[in-house]
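Beneath this line is the structure, given in structure tokens, with notes to follow.
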Amino acid sequence: MIKVRDILKSYGNGESRFQVLKGVSLDIEDNDFVVILGASGSGKSTFLNVISGLERPDSGKVFYDGKDITALSDNEVTLFRKANVGFIFQQYYLLPNMNVDKNVKMGADLADNKDYKTVIEAVGLGEKLHKYPSELSGGEQQRVSIARALAKRPRILFLDEPTGALDEETGRQVLDYICKLQKEYDFTIILVTHNLNIAEMANTVIKMNSGKISEIYTNETKKTAYEIGW
Amino acid sequence: MIVGIKNASKLIVISIIACCAVLVCTMFLNFYFDVRLIESEITSELSMVFYNAQVSTAKVVCFVSGGCLLLTAVVMLLFYIKHYIDTHKKELGILKALGYSNIKIAKSFWAFGISTFIGTAIGYAGAFFIMPWFYELQNEDKMLPEITLNFHPSILFYFVVLPTVCFSALSVYYAWYKLKKPVLLLLKDNLQVVSKPPKHRTEKNRELSFIEDLKRSTLKSKKTLVFFIVFASFCFSAMTQMSFSMKDLSSEMMGVMMLVIGLVLAFTTLFLAITTVINGNTKTIAMMRVFGYSQKECCRAILGGYRPLSYIGFIIGTVYQYGLLRLMVDIVFKDMESVPAYKFDVSVMPISLIAFIAIYEILMYIYSEKIKKISIKEIMIE
Ligand SMILES: Nc1ncnc2c1ncn2[C@@H]1O[C@H](COP(=O)(O)OP(=O)(O)OP(=O)(O)O)[C@@H](O)[C@H]1O
Ligand SMILES: [Mg+2]
């Protein structure tokens with residue numbers, strides 16, 4: 001269970017100081033599928049970075065099962081990330097000089113996961129083990145980054161606009177893989193997007209507006225990627 | 001022009017190298033020419049002997065320090081230019097895609113000539129600044145008639161004009177050669193790995209951890225950097241050790257000069273190489289940090305592979321300086337009665353090695369702090 005309390009975060013100082021997060025509090029249940037919606041610049045990515053331990057808030061706390069990660073040292077936060085979280089970004093950020101197998105191994109090694117090849121197969125890339133990122137399509141690259149994140153067996157998966165660079169059909173495929181794998185491996189999903197359709201796939205939807213949560217609701221019935229039809 | 005102001009600052013490296021090489025070479029060559037001019041004025045036998053010794057020393061230094069420095073500088077400049085253009089091929093590709101002609105883009109690379117010119121000109125001027133004092137020192141005992149400082153246009157031509165023209169032409173040519181490739185290849189991130197068939201790996205290789213794998217692929221992906229690192233340690237090793245031997249073979253001042261120049265060359269190269277390694281791997285490091293790899297692991301993967309190479313460079317440098325001095329002593333002092341004894345200086349090597357290790361590790365530490373600061377925010381803004 002993740003508890004977020006009164007997060008404040010600003011950038012710059014003096015005249016150019018800009019308050020990005022203005023007091024955000026939130027509870028997230030284990031194995032939930034949370035979508036964070038909001039306009040561009042509303043602070044979604046910043047919020048994601050803060051609760052995943054990539055950035056420190058100016059004030060406020062983030063508890064994972066009662067443990068406050070904002071109180072940890074840099075090395076401890078790194079260890080926390082190593083043990084608990086996976087990331088997927090819009091830009092994929094695969095390692096260009098390494099093939100699919102090695103890219104996924106980057107995640108797998110952190111959890112000492114010897115049998116990471118099943119994850120590569122689960123995202124449908126079993127045939128492309130030895131391809132380099134530059135030889136893959138955008139959708140395939142994003143699937144590699146999913147495999148990389150899941151190979152480290154995270155408890156929480158953070159996704160920042162995972163389908164932002166993909167066309168509708170490919171985006172749907174990618175989301176479908178993520179949902180399928182959540183059932184298989186059990187982890188919490190926290191996904192940031194400004195695509196309203198994707199919100200229908202989630203259990204919990206959080207709307208952000210200029211640095212604050214403006215609305216939280218729960219979907220009665222979760223739709224699959226194919227049912228949302230965007 | 002592609003080589004903008006921001007990039008131009010990186011070209012300072014070229015100026016520094018060119019400056020060092022030209023400074024030393026001009027000084028000794030000019031002295032050599034001038035000392036030859038007074039041969040006819042020598043009357044006494046004793047002066048003649050001293051004169052011969054002076055000419056021989058000037059020759060040794062010209063060959064050993066000047067020649068080796070000049071060669072070093074040329075090699076480094078070639079690699080630097082190649083590397084610079086290779087890493088800017090994306091810009092080349094974009095301009096090409098926009099419809100600029102190959103020649104028009106390539107021409108902008110003449111700026112390398114400017115930095116060479118700045119360097120060589122400063123080196124040349126600097127040499128004339130030091131020379132009066134240097135001449136004085138060489139003839140301290142007044143054994144020889146007054147050696148007058150003359151201006152030799154040929155030196156100006158060979159050390160300033162020629163390098164400027166050559167390096168300009170070469171850069172333009174290399175950029176043009178690169179530009180002949182299709183636009184897409186220029187724009188792609190890593191064309192060197194594309195279409196390489198998967199290698200047959202032994203079972204043992206497959207067991208490598210990700211860190212080890214990354215270490216290897218970092219080394220493999222930029223071979224020029226491997227050269228740079230080996231070269232930097234080679235320079236350090238050869239120049240520092242040679243400078244101690246020079247002290248006995250010619251004069252103290254030359255020893256000091258070699259030392260300073262060796263250090264400058266080694267530092268610039270090492271700095272350049274490691275900065276390039278880190279900048280080229282910012283994304284990788286940021287991603288590793290995001291996933292929870294520690295700072296130590298990132299360092300090991302990205303920089304660790306270069307350590308053995310730098311030791312290899314050091315060994316090559318040691319052997320090289322010994323061989324070179326041996327050769328020079330044998331050839332140049334062949335006809336002289338009092339051949340200075342030259343032996344491998346066993347005590348200097350460990351000192352030089354320890355200094356090298358200390359400097360290398362300090363640099364690594366500084367860079368590991370730099371790695372620590374790399375965050376995902378940085379690469380997201382791009
Ligand atoms: N490092 C930074 N320095 C200064 N300002 C920043 C920094 N990072 C983010 N901001 C500002 O914070 C605000 C929120 O940024 P954030 O990236 O969280 O928005 P977002 O909701 O993710 O937007 P998008 O949907 O476009 O990705 C923006 O106005 C941005 O300019
Ligand atoms: Mg964002």
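Residue names in the structure tokens use chain letters A, B, ... in the order shown, residue numbers from 1 in each chain, and ligand numbers from 1 in the order shown.
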query = Got a sec to check which residues lie within 8 Å of ligand 2, using only C-alpha atoms and all ligand atoms, and send them as a ChimeraX atom specification?
reply = /A:40-41,43-46,160-161,192-193
Print the selection's residues with C-alpha atoms to a file, as an mmCIF file, in the first residue's frame.
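again_36.cif, freshly written:
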```cif
data_model
loop_
_atom_site.group_PDB
_atom_site.id
_atom_site.type_symbol
_atom_site.label_atom_id
_atom_site.label_comp_id
_atom_site.auth_asym_id
_atom_site.auth_seq_id
_atom_site.Cartn_x
_atom_site.Cartn_y
_atom_site.Cartn_z
ATOM 1 C CA SER A 40 0.073 18.997 -20.245
ATOM 2 C CA GLY A 41 2.046 20.808 -17.560
ATOM 3 C CA GLY A 43 2.510 18.082 -12.931
ATOM 4 C CA LYS A 44 1.777 14.433 -13.708
ATOM 5 C CA SER A 45 5.318 13.428 -14.549
ATOM 6 C CA THR A 46 6.672 15.315 -11.580
ATOM 7 C CA ASP A 160 4.745 7.787 -18.104
ATOM 8 C CA GLU A 161 2.762 8.140 -21.350
ATOM 9 C CA VAL A 192 0.229 8.708 -16.490
ATOM 10 C CA THR A 193 -1.533 9.785 -19.651
#
```
ask   = If you count only C-alpha atoms, which residues fall within 12 Å of Arg216 (chain B), apart from same-chain ones fewer than 2 positions away, as a VMD selection string?
value = (chain A and resid 97 to 98 102) or (chain B and resid 205 208 to 214 218 to 223 226 300 to 306)
inquiry  = Residues near region 85-89 of chain A, anyone? I mean within 6 Å using only C-alpha atoms, not counting same-chain ones fewer than 4 positions away, as number ranges by chain.
reply    = A: 81, 149, 154-160, 162
request  = May I ask for the distance between CA of Thr116 (chain B) and CA of Ser15 (chain B), given in Å to one decimal place?
outcome  =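 Between CA of Thr116 (chain B) and CA of Ser15 (chain B) the gap works out to 5.4 Å.
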task = Could you please select, counting only C-alpha atoms, the residues of chain B within 6 Å of chain A and state them as a PyMOL selection string?
result = chain B and resi 210+284+291-292
inquiry  = I'd like the contact shell of Gly211 (chain A) - 6 Å cut-off, only C-alpha atoms, skipping same-chain residues fewer than 3 positions apart - returned as a ChimeraX atom specification.
reply    = /A:20-22,42-43
